[in-house]
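> Okay, here's the structure, questions in a sec.
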Number of protein chains: 2
Amino acid sequence: MAGHDGVARALAHAARARPRRERALAELVAIPSVSSDRRRAADVARAARAVARLLADAGLERVRLLPGARGPLVLAEHRRRAAGRAPCLLIYGHYDVVPAGGGWTATAPFAPLVRDGFLYGRGASDDKGPALCHVAALEAWLRATGRLPVDVVCVFDGEEEVGSPTLRALLRRRGDALGATAAVVSDTRTLGPDRPTLVTALRGSLVGHVRVTGPRADLHSGQHGGVLAGPAEVVARLIASLHAPDGSVAVRGFYAGARRAAPAERARLRRVAPGDRAVLAHAGVAAGAGEPGWGAFERATLRPSLTVARLAAGAKGADSVIPARAEATISLRLVPGQQPMEIAQRVRDHLARRVPPGLRLDVAFGKASRPWSAQRDAPVLTAAERALAASFPRPPARLPSGGTIPVVSALHDAGLPVALMGFARPDDGMHGADERVDLTVLARGTAACVRFLAELGAGSPRQTAW
Amino acid sequence: MAGHDGVARALAHAARARPRRERALAELVAIPSVSSDRRRAADVARAARAVARLLADAGLERVRLLPGARGPLVLAEHRRRAAGRAPCLLIYGHYDVVPAGGGWTATAPFAPLVRDGFLYGRGASDDKGPALCHVAALEAWLRATGRLPVDVVCVFDGEEEVGSPTLRALLRRRGDALGATAAVVSDTRTLGPDRPTLVTALRGSLVGHVRVTGPRADLHSGQHGGVLAGPAEVVARLIASLHAPDGSVAVRGFYAGARRAAPAERARLRRVAPGDRAVLAHAGVAAGAGEPGWGAFERATLRPSLTVARLAAGAKGADSVIPARAEATISLRLVPGQQPMEIAQRVRDHLARRVPPGLRLDVAFGKASRPWSAQRDAPVLTAAERALAASFPRPPARLPSGGTIPVVSALHDAGLPVALMGFARPDDGMHGADERVDLTVLARGTAACVRFLAELGAGSPRQTAW
């Protein structure tokens with residue numbers, strides 16, 4: 001259907017459009033669309049409008065914003081084939097970002113800067129840059145050939161970093177997967193600038209908020225130091241108790257249900273995935289820690305983990321205060337076989353047993369996101385594999401990821417096979433300081449997205465769903 | 001010298017001036033003179049000027065501001081007798097405050113409010129209210145009688161909450177205790193509105209800043225959860241290790257040097273000092289914790305302590321970050337017999353032994369403030385005792401305090417006996433939320449300050465130093 005000539009013309013258009021596309025990305029990165037911060041609601045909305053404009057400019061139809069609790073969903077589509085009779089690709093990306101955090105040295109988080117082929121700024125690689133690859137590919141097809149090889153519905157999410165509540169509710173409510181028959185999500189990492197990946201598994205996620213309160217009000221360490229166990233030291237004790245000295249999680253039964261990978265798969269990963277030294281070097285630490293018997297990559301992907309995202313008690317300069325309350329946030333990554341609510345209860349019990357008398361413990365868990373695994377022979381996966389192979393110097397690797405993309409489970413539940421074809425480098429600093437994106441990888445990614453549409457179009461006469 | 005008639009006239013003046021005095025206090029409390037916060041430097045300077053104006057209005061002479069690193073010293077005097085031949089009282093107070101902190105419900109921290117006989121606001125009881133009692137007493141004597149019973153030098157500190165560096169340097173440099181022969185400090189607590197105290201001992205203080213750094217930058221718990229021991233969980237482990245389950249400090253040798261109180265003194269305190277239930281009720285906790293074998297009041301005054309003032313890692317909303325660094329601030333209160341630098345080294349060693357490989361620990365201790373004990377028969381103490389007895393419904397109690405007033409050690413080192421005559425109630429919330437001061441106690445305190453000057457004047461013909 002698409003034809004080799006169409007691909008070539010679309011690729012040529014995409015190549016010519018690159019400078020304009022990179023300027024549009026910089027403009028989008030400059031908008032602090034932090035969905036977890038309600039004070040940024042106007043910025044999130046502004047980013048949504050910018051994305052909508054890019055989709056309309058690309059030639060998409062029915063571009064619209066659907067209000068969400070923390071940020072609008074941007075929807076658009078291009079359909080020329082009979083609904084239910086032809087395949088339709090759901091293209092998912094997100095334009096919201098995590099808070100800036102500290103430690104930035106390359107540039108200010110929302111003052112994008114291009115240097116040495118990278119664009120620096122919060123959201124550059126997670127997920128504004130990769131999301132715009134798809135917009136660029138759609139534009140390339142529509143502007144260069146006047147058509148798309150396959151019907152598409154675009155969903156650009158403003159709430160990915162807070163669990164995609166609006167999109168998940170929409171998918172549940174509609175029940176028809178928005179008319180799509182497969183989905184592509186570009187929110188994962190490559191193995192390097194030359195070597196793309198297809199992510200075949202994601203861990204689930206569960207966030208817990210721990211709070212210890214004690215005295216009615218802040219106390220003074222001169223007046224009360226020695227009288228009581230303060231909330232700050234008790235929160236430290238509770239959080240410390242969650243790990244054994246070797247770095248494994250010390251909550252009883254935490255690992256019990258976790259399904260173990262097959263020996264053949266572990267052997268394959270030992271060949272393909274980064275080794276311990278590479279994983280530690282990438283994390284920027286001299287030594288690892290964690291569950292014994294598993295390599296660093298395995299611990300970060302196949303095995304569950306519990307990390308501490310936040311500790312908070314007292315205030316800078318208030319050196320003689322005994323704070324009346326102390327908080328911690330823990331992030332659990334779960335794998336198939338673990339029941340999130342059961343794990344939450346185990347953590348709760350573990351902590352409750354360790355709170356000394358006179359102090360109050362509150363533990364609140366957010367909504368769990370389930371782990372996900374791809375069907376290994378889904379056509380959408382093989383189409384992505386071929387598109388990536390043709391667009392990058394080295395062939396794609398199939399790898400599990402330790403991350404969580406709640407919407408992937410939601411798309412899966414809606415009946416869609418999902419291809420996770422990411423364009424962020426492992427050293428792009430997603431969620432950290434000096435986040436960036438490699439503009440060469442984005443150019444290759446855009447080409448892969450162009451080819452991916454062609455591959456899907458080529459496949460479509462032989463099947464109505466992938 | 002002073003005469004009974006002079007006392008009566010001064011007391012009558014002080015009683016008439018009460019409404020004006022309380023308005024002046026509210027105006028001073030409204031100024032956020034937070035000395036630990038450099039962004040508040042202009043407010044600290046503004047508060048200094050307000051105090052200087054009150055001193056000048058009271059009739060003090062040579063009112064002047066001496067620049068300090070975090071806030072000016074306000075100096076004033078009234079001398080009519082030959083230097084070195086007559087006693088001269090150094091009146092010490094401080095107008096700086098600790099940061100507001102959270103949890104205020106009565107009013108905003110710097111929006112003073114009078115309710116049910118209390119003035120609420122940061123600094124109301126620590127130390128703006130009590131400091132102004134002395135200014136009111138000086139004004140009462142000078143306006144009602146045209147003279148003071150004794151020479152005075154006033155020192156109002158803008159850096160008490162950051163360790164009084166400027167005043168301590170001045171005392172060391174001058175070497176003459178500013179010409180004073182004794183000092184009074186009103187920065188301690190009463191046992192209640194009816195029962196004043198004379199504080200006869202203070203604990204020393206040592207603040208430690210702990211920082212753990214690990215990865216080069218913040219990481220993502222999806223990508224790296226399970227790979228490493230994060231700085232936040234390691235700081236929790238380190239801080240947790242500082243206490244045994246019973247609440248005592250677990251650093252080896254922490255208690256070893258601490259001098260033990262005499263059995264007779266412990267027996268006296270059991271009669272006079274608040275019991276365990278009262279101390280815990282006052283702290284607002286249902287259960288205590290700490291070194292076994294000592295009561296709650298003893299643990300808070302006679303025994304050293306280690307509390308946690310601050311935990312900081314990550315940011316609100318950034319639930320999937322593994323923060324690259326984590327910090328804690330610990331507050332040590334030390335007693336005679338403990339060597340601060342030796343204790344600091346023990347804490348450092350204790351922590352260093354517990355840092356897992358791959359992470360970096362930094363521990364920085366501030367300057368130590370030494371503990372202090374009064375000479376039990378110092379005339380300045382007995383004069384204060386008589387003045388308090390005549391001004392409050394119940395006689396004063398001599399009590400040790402768990403707090404630290406670095407300037408008291410400095411005054412002691414300068415050769416001055418010090419009377420610690422405080423006008424803050426134990427439930428005034430010093431350093432906490434909803435700090436307040438009891439205006440009735442301040443009126444009694446002002447009367448005590450009036451009588452204290454008379455007592456010192458009456459004593460002075462018989463002695464040149466107290």
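If you're wondering about the labels, chains in the structure tokens are A, B, ... by order shown, residues count from 1 in each chain, ligands from 1 in order shown.
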Looking only at the backbone, which of the residues in region 18-174 of chain A does DSSP tag as strand (DSSP E or B), as a ChimeraX atom specification?

/A:34,61-66,73-78,88-94,97,113-115,118-120,151-157

> Could you write out that same residue set with C-alpha atoms as a PDB file, in the first residue's frame?


ATOM      1  CA  VAL A  34       5.183  19.528  35.623  1.00  0.00           C
ATOM      2  CA  GLU A  61      -7.567  15.751  11.904  1.00  0.00           C
ATOM      3  CA  ARG A  62     -10.013  16.176  14.790  1.00  0.00           C
ATOM      4  CA  VAL A  63      -7.261  17.647  16.960  1.00  0.00           C
ATOM      5  CA  ARG A  64      -8.786  18.237  20.383  1.00  0.00           C
ATOM      6  CA  LEU A  65      -8.035  18.619  24.089  1.00  0.00           C
ATOM      7  CA  LEU A  66      -9.778  16.481  26.678  1.00  0.00           C
ATOM      8  CA  LEU A  73      -5.178  14.707  26.845  1.00  0.00           C
ATOM      9  CA  VAL A  74      -4.342  15.862  23.347  1.00  0.00           C
ATOM     10  CA  LEU A  75      -6.167  13.700  20.797  1.00  0.00           C
ATOM     11  CA  ALA A  76      -5.924  13.678  17.010  1.00  0.00           C
ATOM     12  CA  GLU A  77      -6.542  11.181  14.266  1.00  0.00           C
ATOM     13  CA  HIS A  78      -6.346  10.367  10.597  1.00  0.00           C
ATOM     14  CA  CYS A  88      -5.545   1.504  13.247  1.00  0.00           C
ATOM     15  CA  LEU A  89      -2.411   2.467  15.177  1.00  0.00           C
ATOM     16  CA  LEU A  90      -2.652   4.299  18.483  1.00  0.00           C
ATOM     17  CA  ILE A  91       0.407   6.521  18.860  1.00  0.00           C
ATOM     18  CA  TYR A  92       1.057   7.373  22.478  1.00  0.00           C
ATOM     19  CA  GLY A  93       3.403  10.012  23.871  1.00  0.00           C
ATOM     20  CA  HIS A  94       3.409  12.347  26.836  1.00  0.00           C
ATOM     21  CA  VAL A  97       7.461  16.122  32.923  1.00  0.00           C
ATOM     22  CA  LEU A 113      20.180  24.482  25.206  1.00  0.00           C
ATOM     23  CA  VAL A 114      21.723  22.622  22.268  1.00  0.00           C
ATOM     24  CA  ARG A 115      25.327  21.568  22.792  1.00  0.00           C
ATOM     25  CA  PHE A 118      22.283  17.167  22.472  1.00  0.00           C
ATOM     26  CA  LEU A 119      19.310  19.235  23.490  1.00  0.00           C
ATOM     27  CA  TYR A 120      19.366  19.762  27.274  1.00  0.00           C
ATOM     28  CA  ASP A 151      -5.023   4.849  10.066  1.00  0.00           C
ATOM     29  CA  VAL A 152      -3.835   6.445  13.281  1.00  0.00           C
ATOM     30  CA  VAL A 153      -5.192   7.905  16.470  1.00  0.00           C
ATOM     31  CA  CYS A 154      -2.742  10.071  18.420  1.00  0.00           C
ATOM     32  CA  VAL A 155      -2.903  10.337  22.197  1.00  0.00           C
ATOM     33  CA  PHE A 156      -0.545  12.810  23.835  1.00  0.00           C
ATOM     34  CA  ASP A 157      -0.824  12.555  27.565  1.00  0.00           C
TER      35      ASP A 157
END

> Among region 48-286 of chain A, which ones does DSSP place in alpha helix (DSSP H), written as a ChimeraX atom specification?

/A:48-58,129-145,165-174,221-224,231-241,263-272,276-283

> Here is a test: counting only C-alpha atoms, which residue of B:Gly402, B:Gly71, B:Pro109, B:Pro371 is nearest to chain A?

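So, comparing all the options, the nearest one is B:Gly402.
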